[in-house]
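Here's coords03.txt, which has compact mmCIF, C-alpha atoms:
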```txt
# COMPACT_ATOMS: atom_id res chain seq x y z
CA MET A 1 -8.34 10.57 12.99
CA LYS A 2 -5.75 12.08 15.32
CA LYS A 3 -5.27 15.81 14.81
CA ILE A 4 -1.76 17.22 15.11
CA GLN A 5 -0.94 20.92 15.36
CA LEU A 6 2.35 22.05 13.83
CA PRO A 7 5.07 22.84 14.83
CA LEU A 8 5.45 19.34 16.23
CA SER A 9 5.88 19.12 19.98
CA ASP A 10 8.23 16.57 21.55
CA PHE A 11 5.16 15.14 23.27
CA ASP A 12 3.34 14.60 19.97
CA ILE A 13 6.41 13.08 18.34
CA GLU A 14 6.86 10.69 21.26
CA ASN A 15 3.28 9.47 20.92
CA LEU A 16 3.04 9.04 17.14
CA LYS A 17 3.07 5.39 16.10
CA ALA A 18 3.92 4.05 12.65
CA GLY A 19 0.75 3.07 10.78
CA GLU A 20 -1.63 5.54 12.40
CA SER A 21 -3.49 8.14 10.35
CA VAL A 22 -3.20 11.80 11.28
CA LEU A 23 -4.46 15.17 10.10
CA LEU A 24 -1.80 17.89 10.20
CA SER A 25 -2.59 21.58 10.61
CA GLY A 26 -0.24 24.54 10.83
CA HIS A 27 2.88 25.59 8.93
CA ILE A 28 5.16 23.46 6.77
CA LEU A 29 8.04 24.24 4.41
CA THR A 30 8.40 22.68 0.97
CA GLY A 31 11.68 21.45 -0.43
CA ARG A 32 12.66 18.82 -2.94
CA ASP A 33 15.72 17.82 -4.98
CA CYS A 34 17.25 21.16 -5.96
CA ALA A 35 16.35 22.96 -2.70
CA HIS A 36 17.98 20.18 -0.65
CA LYS A 37 21.12 20.41 -2.75
CA ARG A 38 21.24 24.18 -2.21
CA ILE A 39 20.66 23.87 1.54
CA CYS A 40 23.58 21.47 1.79
CA GLU A 41 25.77 23.78 -0.32
CA PHE A 42 25.09 26.53 2.26
CA LEU A 43 26.14 24.10 4.98
CA ASP A 44 29.28 23.10 3.05
CA ARG A 45 30.28 26.76 2.78
CA GLU A 46 29.41 27.23 6.48
CA GLU A 47 27.04 30.06 5.56
CA PRO A 48 23.78 30.70 7.44
CA LEU A 49 20.65 29.31 5.75
CA PRO A 50 18.12 31.83 4.36
CA PHE A 51 15.53 30.23 6.68
CA SER A 52 15.65 28.18 9.86
CA LEU A 53 14.89 24.46 9.93
CA LYS A 54 14.69 24.22 13.71
CA GLY A 55 11.46 22.54 14.78
CA GLU A 56 10.15 22.64 11.20
CA THR A 57 8.36 20.04 9.10
CA ILE A 58 9.42 19.81 5.48
CA TYR A 59 7.16 18.60 2.68
CA TYR A 60 8.83 16.96 -0.31
CA ALA A 61 6.67 18.55 -2.97
CA GLY A 62 6.68 20.79 -6.02
CA PRO A 63 3.22 22.30 -6.51
CA CYS A 64 1.31 23.11 -9.66
CA PRO A 65 0.75 26.87 -9.98
CA ALA A 66 -2.30 28.17 -8.08
CA PRO A 67 -5.47 28.50 -10.17
CA ALA A 68 -7.59 31.63 -9.57
CA GLY A 69 -9.23 31.57 -6.15
CA LYS A 70 -6.93 28.93 -4.65
CA ALA A 71 -3.82 29.25 -2.46
CA CYS A 72 -2.11 26.44 -4.33
CA GLY A 73 -2.58 24.08 -7.26
CA SER A 74 -2.29 20.30 -7.08
CA CYS A 75 0.40 19.40 -4.60
CA GLY A 76 0.91 15.79 -3.64
CA PRO A 77 4.15 14.33 -2.27
CA THR A 78 7.17 13.34 -4.33
CA THR A 79 9.38 10.26 -3.77
CA SER A 80 11.26 10.83 -0.50
CA ALA A 81 14.13 8.45 -1.27
CA ARG A 82 15.74 11.08 -3.50
CA MET A 83 16.21 13.26 -0.41
CA ASP A 84 17.78 10.44 1.65
CA SER A 85 21.35 11.60 1.05
CA PHE A 86 20.48 15.05 2.44
CA ALA A 87 17.94 14.33 5.19
CA PRO A 88 20.31 13.34 8.07
CA ARG A 89 22.11 16.71 7.79
CA LEU A 90 18.80 18.56 8.02
CA LEU A 91 17.64 16.45 10.95
CA ALA A 92 20.89 17.27 12.75
CA LEU A 93 19.97 20.96 12.37
CA GLY A 94 16.72 20.44 14.24
CA LEU A 95 14.27 19.47 11.48
CA LYS A 96 11.52 17.51 13.25
CA GLY A 97 9.15 16.31 10.57
CA MET A 98 9.32 15.15 6.96
CA ILE A 99 6.36 14.49 4.67
CA GLY A 100 6.78 12.55 1.44
CA LYS A 101 6.02 9.19 -0.07
CA GLY A 102 7.80 5.86 -0.01
CA GLU A 103 10.47 4.14 2.03
CA ARG A 104 13.67 5.75 3.40
CA ASP A 105 17.17 4.30 3.62
CA GLU A 106 18.84 3.09 6.84
CA SER A 107 20.73 6.36 7.42
CA VAL A 108 17.45 8.29 7.49
CA CYS A 109 15.66 5.71 9.66
CA SER A 110 18.39 5.83 12.32
CA SER A 111 18.68 9.61 12.07
CA ILE A 112 14.92 9.91 12.76
CA VAL A 113 15.36 7.93 15.99
CA GLN A 114 18.56 9.77 17.04
CA ASN A 115 17.00 13.20 16.51
CA HIS A 116 13.58 12.33 17.92
CA ALA A 117 11.80 13.18 14.66
CA VAL A 118 9.07 11.66 12.50
CA TYR A 119 8.44 10.82 8.85
CA PHE A 120 4.89 11.07 7.52
CA ALA A 121 3.67 9.48 4.28
CA ALA A 122 1.20 11.53 2.30
CA ILE A 123 -0.77 9.65 -0.37
CA GLY A 124 1.04 9.95 -3.69
CA GLY A 125 -1.19 10.84 -6.60
CA ALA A 126 -3.72 12.73 -4.47
CA GLY A 127 -2.47 16.14 -5.61
CA ALA A 128 -5.85 17.86 -5.88
CA LEU A 129 -6.91 16.89 -2.34
CA TYR A 130 -3.59 18.05 -0.87
CA GLY A 131 -3.69 21.26 -2.92
CA ASN A 132 -7.08 22.01 -1.36
CA ALA A 133 -5.70 21.39 2.15
CA ILE A 134 -3.20 24.23 1.60
CA ILE A 135 -4.89 27.44 2.69
CA LYS A 136 -1.96 29.83 2.40
CA SER A 137 1.30 29.81 0.46
CA GLU A 138 4.29 32.13 0.46
CA LEU A 139 7.66 31.96 -1.22
CA VAL A 140 10.54 31.63 1.26
CA ALA A 141 13.68 31.03 -0.83
CA PHE A 142 15.20 30.11 -4.20
CA PRO A 143 12.53 31.62 -6.52
CA ASP A 144 14.58 30.67 -9.59
CA LEU A 145 13.75 27.03 -8.85
CA LEU A 146 10.08 27.69 -9.75
CA SER A 147 8.02 24.73 -8.48
CA GLU A 148 11.13 23.43 -6.70
CA ALA A 149 11.53 26.64 -4.65
CA VAL A 150 11.02 26.66 -0.87
CA TYR A 151 7.47 27.73 0.07
CA ARG A 152 5.83 28.09 3.45
CA PHE A 153 2.35 26.58 3.46
CA GLU A 154 -0.36 26.86 6.00
CA VAL A 155 -2.23 23.56 5.89
CA LYS A 156 -5.48 22.46 7.44
CA ASP A 157 -6.36 18.81 8.07
CA PHE A 158 -3.62 17.52 5.81
CA PRO A 159 -4.06 13.68 5.80
CA CYS A 160 -0.96 11.53 6.37
CA ILE A 161 0.06 8.18 7.74
CA VAL A 162 2.88 8.01 10.28
CA ALA A 163 5.45 6.09 8.26
CA ILE A 164 8.55 6.07 10.50
CA ASP A 165 8.20 7.04 14.16
CA CYS A 166 10.81 8.20 16.68
CA HIS A 167 10.97 4.71 18.21
CA GLY A 168 12.01 3.15 14.90
CA GLY A 169 8.54 1.84 13.99
CA ASN A 170 8.34 1.62 10.20
CA VAL A 171 5.20 1.08 8.13
CA TYR A 172 7.25 -0.19 5.17
CA LYS A 173 8.90 -3.03 7.14
CA LYS A 174 6.50 -5.92 6.82
CA MET B 1 -3.14 13.80 -50.47
CA ARG B 2 -5.08 15.28 -47.55
CA THR B 3 -3.98 18.54 -45.95
CA VAL B 4 -3.97 18.99 -42.16
CA SER B 5 -3.04 22.39 -40.79
CA SER B 6 -0.40 22.72 -38.07
CA GLU B 7 -2.94 24.86 -36.16
CA SER B 8 -5.35 21.93 -35.94
CA ILE B 9 -2.52 19.70 -34.65
CA GLU B 10 -1.62 22.34 -32.05
CA GLN B 11 -5.25 22.60 -30.94
CA ALA B 12 -5.58 18.81 -30.75
CA VAL B 13 -2.46 18.52 -28.58
CA TYR B 14 -3.74 21.34 -26.37
CA ASN B 15 -7.00 19.47 -25.77
CA LEU B 16 -5.23 16.15 -25.21
CA ALA B 17 -2.84 17.68 -22.66
CA LYS B 18 -5.69 19.40 -20.84
CA ASN B 19 -7.86 16.29 -20.58
CA ALA B 20 -4.97 13.94 -19.83
CA CYS B 21 -3.75 15.92 -16.82
CA LEU B 22 -7.25 16.41 -15.42
CA ARG B 23 -8.52 12.83 -15.45
CA LEU B 24 -7.57 9.18 -15.11
CA THR B 25 -8.28 6.81 -17.97
CA PRO B 26 -11.57 4.88 -17.59
CA SER B 27 -9.64 1.59 -17.37
CA CYS B 28 -7.48 3.05 -14.57
CA THR B 29 -10.51 4.20 -12.55
CA GLN B 30 -12.06 0.77 -13.02
CA ALA B 31 -8.88 -1.01 -11.90
CA LEU B 32 -8.51 1.27 -8.85
CA ASN B 33 -12.12 0.60 -7.82
CA LYS B 34 -11.46 -3.12 -8.11
CA ALA B 35 -8.28 -2.78 -6.07
CA ALA B 36 -10.05 -0.77 -3.34
CA ALA B 37 -12.71 -3.48 -3.08
CA ALA B 38 -10.04 -6.19 -2.82
CA GLU B 39 -8.17 -4.65 0.13
CA GLU B 40 -9.17 -5.18 3.72
CA LYS B 41 -11.53 -2.48 5.05
CA GLY B 42 -9.74 -0.09 7.39
CA SER B 43 -6.26 -1.08 6.13
CA ALA B 44 -3.71 1.57 5.15
CA ALA B 45 -3.86 0.29 1.56
CA ALA B 46 -7.66 0.72 1.45
CA PHE B 47 -7.27 4.23 2.89
CA ALA B 48 -4.70 5.10 0.19
CA LEU B 49 -6.89 3.76 -2.64
CA ASP B 50 -10.03 5.50 -1.37
CA THR B 51 -8.04 8.75 -1.11
CA VAL B 52 -6.79 8.40 -4.67
CA LEU B 53 -10.32 7.77 -6.02
CA GLN B 54 -11.69 10.72 -4.06
CA ASN B 55 -8.83 12.82 -5.44
CA ALA B 56 -9.76 11.95 -9.02
CA ARG B 57 -13.35 13.09 -8.40
CA THR B 58 -12.13 16.35 -6.84
CA ALA B 59 -9.69 17.00 -9.70
CA ALA B 60 -12.43 16.56 -12.30
CA ALA B 61 -14.95 18.70 -10.40
CA GLU B 62 -12.52 21.56 -9.74
CA THR B 63 -10.43 21.45 -12.94
CA MET B 64 -7.26 20.66 -11.02
CA ALA B 65 -4.45 18.39 -12.12
CA VAL B 66 -5.05 14.86 -10.80
CA CYS B 67 -1.39 14.73 -9.76
CA GLN B 68 0.99 17.68 -9.41
CA ASP B 69 3.46 15.74 -11.53
CA THR B 70 1.84 16.62 -14.82
CA GLY B 71 4.77 14.83 -16.33
CA TYR B 72 7.02 14.76 -19.30
CA ALA B 73 4.69 15.32 -22.25
CA VAL B 74 5.04 12.13 -24.30
CA ILE B 75 3.34 12.11 -27.69
CA LEU B 76 3.02 9.06 -29.90
CA ALA B 77 1.98 10.09 -33.39
CA LYS B 78 0.96 7.90 -36.31
CA ILE B 79 1.10 9.95 -39.45
CA GLY B 80 -0.52 8.63 -42.61
CA GLN B 81 1.83 9.04 -45.56
CA ASN B 82 -0.95 10.62 -47.61
CA VAL B 83 -1.16 13.57 -45.21
CA HIS B 84 0.41 16.89 -46.00
CA ILE B 85 1.04 19.03 -42.91
CA ASP B 86 0.53 22.67 -43.79
CA GLY B 87 2.10 25.53 -41.79
CA ALA B 88 4.55 25.10 -38.91
CA LEU B 89 6.77 22.08 -38.32
CA PHE B 90 4.94 19.14 -36.75
CA SER B 91 7.17 19.27 -33.64
CA GLU B 92 6.60 23.00 -33.30
CA ALA B 93 2.82 22.51 -33.44
CA VAL B 94 3.01 19.81 -30.76
CA ASN B 95 5.25 21.88 -28.49
CA ASN B 96 2.99 24.93 -28.89
CA GLY B 97 -0.03 22.87 -27.84
CA VAL B 98 1.84 21.56 -24.78
CA ARG B 99 3.16 25.01 -23.83
CA LYS B 100 -0.30 26.64 -23.97
CA ALA B 101 -2.16 23.87 -22.14
CA TYR B 102 0.38 23.72 -19.30
CA GLU B 103 0.16 27.49 -18.87
CA ASP B 104 -3.64 27.83 -19.21
CA PHE B 105 -4.53 25.01 -16.82
CA CYS B 106 -1.88 25.65 -14.16
CA PHE B 107 -0.03 22.41 -14.79
CA ARG B 108 3.47 22.10 -13.36
CA LYS B 109 6.41 22.77 -15.64
CA SER B 110 8.79 19.93 -14.90
CA ILE B 111 11.33 19.89 -17.73
CA CYS B 112 14.90 21.05 -17.07
CA ASP B 113 18.45 20.86 -18.39
CA PRO B 114 19.91 17.54 -17.21
CA ILE B 115 23.18 19.12 -16.03
CA THR B 116 22.40 22.68 -14.89
CA ARG B 117 18.83 21.70 -13.80
CA VAL B 118 17.57 25.05 -15.15
CA ASN B 119 13.85 24.67 -15.93
CA THR B 120 12.65 25.36 -19.48
CA ALA B 121 9.64 26.99 -17.74
CA ASP B 122 7.01 25.83 -20.25
CA ASN B 123 7.19 22.02 -20.02
CA THR B 124 8.69 21.70 -23.49
CA PRO B 125 10.20 20.00 -25.33
CA ALA B 126 7.74 17.15 -25.52
CA ALA B 127 9.05 13.65 -26.22
CA ILE B 128 7.66 13.08 -29.71
CA HIS B 129 7.63 9.65 -31.34
CA THR B 130 6.43 9.60 -34.94
CA GLU B 131 5.59 6.60 -37.02
CA ILE B 132 4.72 6.83 -40.70
CA VAL B 133 1.74 4.64 -41.53
CA GLY B 134 -0.61 4.14 -44.45
CA GLY B 135 -3.69 6.30 -45.04
CA ASP B 136 -4.47 9.99 -44.73
CA LYS B 137 -5.07 10.42 -41.00
CA ILE B 138 -2.96 11.53 -38.05
CA SER B 139 -3.56 9.76 -34.76
CA LEU B 140 -2.13 11.27 -31.60
CA THR B 141 -1.70 9.72 -28.17
CA PHE B 142 -0.74 11.92 -25.22
CA LEU B 143 0.80 10.41 -22.10
CA PRO B 144 1.89 12.82 -19.34
CA LYS B 145 4.60 10.69 -17.75
CA GLY B 146 5.39 11.22 -14.06
CA PHE B 147 8.98 10.64 -13.08
CA GLY B 148 8.65 9.05 -9.65
CA SER B 149 7.65 5.97 -11.58
CA GLU B 150 9.82 6.63 -14.66
CA ASN B 151 12.86 6.58 -12.34
CA MET B 152 12.06 3.01 -11.32
CA SER B 153 12.10 1.68 -14.90
CA LYS B 154 14.80 -0.71 -16.13
CA ILE B 155 16.16 -2.36 -19.25
CA PHE B 156 17.67 -5.85 -19.33
CA MET B 157 19.76 -7.23 -22.15
CA LEU B 158 19.03 -10.91 -21.45
CA THR B 159 20.62 -13.81 -23.27
CA PRO B 160 18.25 -15.90 -25.40
CA ALA B 161 18.80 -18.79 -22.96
CA LYS B 162 16.90 -16.86 -20.27
CA GLY B 163 13.67 -17.26 -22.26
CA VAL B 164 10.18 -16.67 -20.92
CA ASN B 165 11.20 -17.27 -17.29
CA GLY B 166 13.91 -14.63 -17.62
CA ILE B 167 11.40 -12.14 -19.03
CA ILE B 168 8.97 -12.73 -16.15
CA GLU B 169 11.76 -12.54 -13.54
CA SER B 170 12.97 -9.22 -14.99
CA ILE B 171 9.47 -7.72 -14.79
CA VAL B 172 8.79 -8.90 -11.24
CA GLU B 173 12.26 -7.94 -9.98
CA THR B 174 11.88 -4.39 -11.35
CA VAL B 175 8.61 -3.93 -9.44
CA ARG B 176 10.09 -5.51 -6.29
CA LEU B 177 13.10 -3.18 -6.32
CA ALA B 178 10.86 -0.14 -6.94
CA GLY B 179 8.94 -1.00 -3.77
CA SER B 180 6.95 1.90 -2.38
CA LYS B 181 8.71 4.56 -4.45
CA PRO B 182 6.76 4.75 -7.75
CA CYS B 183 3.25 5.20 -6.21
CA PRO B 184 1.97 1.63 -6.37
CA PRO B 185 -0.32 0.03 -7.44
CA VAL B 186 1.61 0.48 -10.65
CA TYR B 187 0.85 -0.21 -14.29
CA VAL B 188 3.73 -2.08 -15.91
CA GLY B 189 4.62 -1.54 -19.57
CA VAL B 190 7.01 -4.12 -20.99
CA GLY B 191 8.95 -4.14 -24.24
CA ILE B 192 10.24 -7.50 -25.42
CA GLY B 193 12.67 -7.75 -28.33
CA GLY B 194 13.87 -5.17 -30.84
CA THR B 195 17.10 -3.31 -30.10
CA PHE B 196 18.17 -1.49 -26.90
CA ASP B 197 16.33 1.65 -28.00
CA THR B 198 13.25 0.21 -29.72
CA CYS B 199 12.68 -2.12 -26.76
CA ALA B 200 12.41 0.86 -24.39
CA PHE B 201 9.96 2.52 -26.77
CA LEU B 202 7.81 -0.64 -26.89
CA ALA B 203 7.58 -0.52 -23.09
CA LYS B 204 6.32 3.06 -23.26
CA LYS B 205 3.87 2.14 -26.03
CA ALA B 206 2.53 -0.71 -23.88
CA LEU B 207 1.46 1.89 -21.29
CA THR B 208 -0.90 3.48 -23.83
CA ARG B 209 -2.97 0.27 -23.90
CA ASP B 210 -6.05 0.00 -21.69
CA ILE B 211 -5.35 -1.68 -18.35
CA GLY B 212 -6.62 -5.24 -18.51
CA SER B 213 -6.39 -5.52 -22.32
CA ALA B 214 -4.53 -8.71 -23.13
CA ASN B 215 -1.93 -8.95 -25.88
CA PRO B 216 -3.58 -10.70 -28.85
CA ARG B 217 -0.78 -13.29 -28.91
CA LYS B 218 -1.71 -16.05 -26.45
CA ASP B 219 1.86 -16.77 -25.31
CA VAL B 220 2.45 -13.06 -24.62
CA ALA B 221 -0.88 -12.69 -22.80
CA GLU B 222 0.27 -15.59 -20.64
CA ILE B 223 3.47 -13.70 -19.72
CA GLU B 224 1.32 -10.70 -18.78
CA ARG B 225 -0.94 -12.87 -16.62
CA ILE B 226 1.85 -14.72 -14.79
CA ALA B 227 3.90 -11.56 -14.19
CA LEU B 228 0.86 -9.77 -12.72
CA GLU B 229 0.10 -12.69 -10.43
CA LYS B 230 3.70 -12.81 -9.15
CA ILE B 231 3.80 -9.01 -8.67
CA ASN B 232 0.61 -9.08 -6.63
CA ALA B 233 2.16 -11.75 -4.38
CA LEU B 234 4.94 -9.27 -3.41
CA ASN B 235 2.75 -7.62 -0.73
CA ILE B 236 4.00 -4.12 -1.56
CA GLY B 237 0.44 -2.85 -1.87
CA ALA B 238 -0.92 0.66 -2.44
CA GLN B 239 1.75 3.26 -1.50
CA GLY B 240 3.91 0.40 -0.15
CA PHE B 241 1.61 -0.06 2.85
CA GLY B 242 1.22 -3.79 2.11
CA GLY B 243 -1.75 -5.45 0.44
CA LYS B 244 -2.99 -7.65 -2.33
CA ILE B 245 -2.74 -5.20 -5.20
CA THR B 246 0.75 -4.02 -6.13
CA ALA B 247 0.05 -3.69 -9.86
CA LEU B 248 -3.14 -2.83 -11.76
CA GLY B 249 -1.91 -4.54 -14.89
CA VAL B 250 1.00 -5.70 -17.03
CA SER B 251 1.05 -5.00 -20.78
CA CYS B 252 3.72 -6.40 -23.10
CA GLU B 253 4.55 -5.26 -26.62
CA LEU B 254 6.79 -7.28 -28.91
CA ALA B 255 9.17 -6.84 -31.82
CA PRO B 256 11.51 -9.28 -33.52
CA THR B 257 15.02 -9.19 -32.09
CA HIS B 258 18.56 -10.35 -32.98
CA ILE B 259 19.55 -14.04 -32.72
CA ALA B 260 22.08 -13.10 -30.02
CA GLY B 261 19.77 -11.19 -27.72
CA LEU B 262 16.58 -10.87 -25.71
CA PRO B 263 16.06 -7.23 -24.66
CA VAL B 264 13.40 -6.63 -22.01
CA ALA B 265 12.43 -3.08 -20.99
CA VAL B 266 10.19 -2.46 -18.01
CA ASN B 267 8.55 0.98 -17.88
CA ILE B 268 6.79 1.68 -14.60
CA GLN B 269 3.68 3.89 -14.51
CA CYS B 270 2.17 5.06 -11.21
CA HIS B 271 -1.50 4.50 -10.37
CA CYS B 272 -2.39 7.86 -11.95
CA VAL B 273 -2.67 6.51 -15.48
CA ARG B 274 -3.44 9.47 -17.71
CA CYS B 275 -3.62 8.93 -21.46
CA GLU B 276 -5.72 10.57 -24.18
CA LYS B 277 -6.08 9.78 -27.87
CA VAL B 278 -7.48 11.49 -30.93
CA THR B 279 -7.49 10.96 -34.70
CA LEU B 280 -7.37 13.92 -37.08
```
Target encoding structure tokens, full file:
Amino acid sequence: MKKIQLPLSDFDIENLKAGESVLLSGHILTGRDCAHKRICEFLDREEPLPFSLKGETIYYAGPCPAPAGKACGSCGPTTSARMDSFAPRLLALGLKGMIGKGERDESVCSSIVQNHAVYFAAIGGAGALYGNAIIKSELVAFPDLLSEAVYRFEVKDFPCIVAIDCHGGNVYKK
Amino acid sequence: MRTVSSESIEQAVYNLAKNACLRLTPSCTQALNKAAAAEEKGSAAAFALDTVLQNARTAAAETMAVCQDTGYAVILAKIGQNVHIDGALFSEAVNNGVRKAYEDFCFRKSICDPITRVNTADNTPAAIHTEIVGGDKISLTFLPKGFGSENMSKIFMLTPAKGVNGIIESIVETVRLAGSKPCPPVYVGVGIGGTFDTCAFLAKKALTRDIGSANPRKDVAEIERIALEKINALNIGAQGFGGKITALGVSCELAPTHIAGLPVAVNIQCHCVRCEKVTL
């Protein structure tokens, strides 16, 4: 399987093809429903974000608490479609990668191409395996959101399938 | 009259919640193995199914939640009318069991206010359905219900003229519209008949049946069979990557309905079917 080091380089993004399997290593941010809403409220108020999205990869996930001896509990992807109304704004800010599960709407698909980004599908329902691929976790923002807060994870060999590539290739379009 | 203490109910719910979040049902594991064997070797669908099966083994070995969405705690209780519950309220006992299990086993707390979205921080309240039955036993079924799939569920108030074809179309169309979003291959619970509310409950109850168990009524079993066949022709496949298996099973539960109506509720369950039962 192709190994990809994060942050994503333009070269790597250019060469990722929808349908191929990859193992991601490096840093990712988490963010799901409530965190996306908050990020966009910052943008609406024209206030600086508490963290930068430039060059980042965001993982649509809300982890289980970490059991003793582990960096993180079970942590598989959540349904990406719920973030579709927010994603183009984040991509315009320089977000390069998204990890989630399931298809995206047209606005996200075209925004991925326009911003030279990529959408990875993690395997939904494989929370324990993904939790074990997270070797470090730290809270970045919005602690009151509990599992929905923004965390920075260090991941090692995190298995994904390239779902939508920067050329418009789409694993869900059959 | 037989007395059952609220403490024993709390302990039973605690054990059910623990086991349910840590393992798939045997019929789910069996159906996933069958699905993995049916998909083309090296395909994305086969990769997804193998990953999910490996995940279940890891979760069991390391006492980790199978899926991080440890769900809305749904409890279906059948309470014999010759049982006297001693101590705390039944609902309090159930919620205490849920609260403790979700804390002790590092399960995610996913319940929040629908408007403010503020989390209750202990995964309560549980959704508790009680039915009074004969006898002096309490039987409890625990279903941690993930919401990626719950979100894809639908209810149809069909006209009687739509008949069996209308029922099958409603089931298949719900799965088609859900596409890759609910973590296919899905398990489809269907309620047919009753009222708007009881129909939805029947769909949930159908999900507590073993995958592959046919409804004892032949005509209903036939609806289950045809709907499953049509769903598996949709080519959504595991995780929406395409493939032969889009659903692991379809289970229908029935109730008499009004002469003017034909309610059909379709409750979608992801491939992580987790369900535990006990009788006290």
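Minimum distance to chain B across A:Arg152, A:Arg104, A:His167, A:Lys17 (counting all atoms listed in the file) occurs at A:Arg104.
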Could you list as a PDB file with C-alpha atoms, keeping the file's coordinate frame every residue that has an atom within 10 Å of (22.4, -16.2, -29.8), using the file's coordinates and counting only C-alpha atoms?
```pdb
ATOM      1  CA  THR B 159      20.620 -13.810 -23.270  1.00  0.00           C
ATOM      2  CA  PRO B 160      18.250 -15.900 -25.400  1.00  0.00           C
ATOM      3  CA  ALA B 161      18.800 -18.790 -22.960  1.00  0.00           C
ATOM      4  CA  HIS B 258      18.560 -10.350 -32.980  1.00  0.00           C
ATOM      5  CA  ILE B 259      19.550 -14.040 -32.720  1.00  0.00           C
ATOM      6  CA  ALA B 260      22.080 -13.100 -30.020  1.00  0.00           C
ATOM      7  CA  GLY B 261      19.770 -11.190 -27.720  1.00  0.00           C
ATOM      8  CA  LEU B 262      16.580 -10.870 -25.710  1.00  0.00           C
TER       9      LEU B 262
END
```
Hey, list the chain B side of the contact with chain A: 6 Å cut-off, all atoms listed in the file, answer as a PDB file with C-alpha atoms, in the coordinates of the input.
```
ATOM      1  CA  VAL B  52      -6.790   8.400  -4.670  1.00  0.00           C
ATOM      2  CA  ASN B  55      -8.830  12.820  -5.440  1.00  0.00           C
ATOM      3  CA  ALA B  59      -9.690  17.000  -9.700  1.00  0.00           C
ATOM      4  CA  ALA B  65      -4.450  18.390 -12.120  1.00  0.00           C
ATOM      5  CA  VAL B  66      -5.050  14.860 -10.800  1.00  0.00           C
ATOM      6  CA  CYS B  67      -1.390  14.730  -9.760  1.00  0.00           C
ATOM      7  CA  GLN B  68       0.990  17.680  -9.410  1.00  0.00           C
ATOM      8  CA  CYS B 106      -1.880  25.650 -14.160  1.00  0.00           C
ATOM      9  CA  PHE B 107      -0.030  22.410 -14.790  1.00  0.00           C
ATOM     10  CA  ARG B 108       3.470  22.100 -13.360  1.00  0.00           C
ATOM     11  CA  SER B 180       6.950   1.900  -2.380  1.00  0.00           C
ATOM     12  CA  LYS B 181       8.710   4.560  -4.450  1.00  0.00           C
ATOM     13  CA  CYS B 183       3.250   5.200  -6.210  1.00  0.00           C
TER      14      CYS B 183
END
```
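Nearest residue to Ser8 of chain B, choosing from B:Phe47, B:Phe90, B:Tyr72, B:Tyr102 and counting all atoms listed in the file: B:Phe90.
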The distance between atom CA of Ile135 of chain A and atom CA of Arg38 of chain A is 26.8 Å
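The residue that comes closest to Phe142 of chain A, out of A:Phe51, A:Met1, A:Arg45, A:Lys156 and on the basis of all atoms listed in the file, is A:Phe51.
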The residue from B:Gly243, B:Gly135, B:Pro256, B:Gly163 with the smallest atom-to-atom distance to Gly193 of chain B, counting only C-alpha atoms, is B:Pro256
Computed gap from atom CA of Phe153 of chain A to atom CA of Asn115 of chain A is 23.7 Å
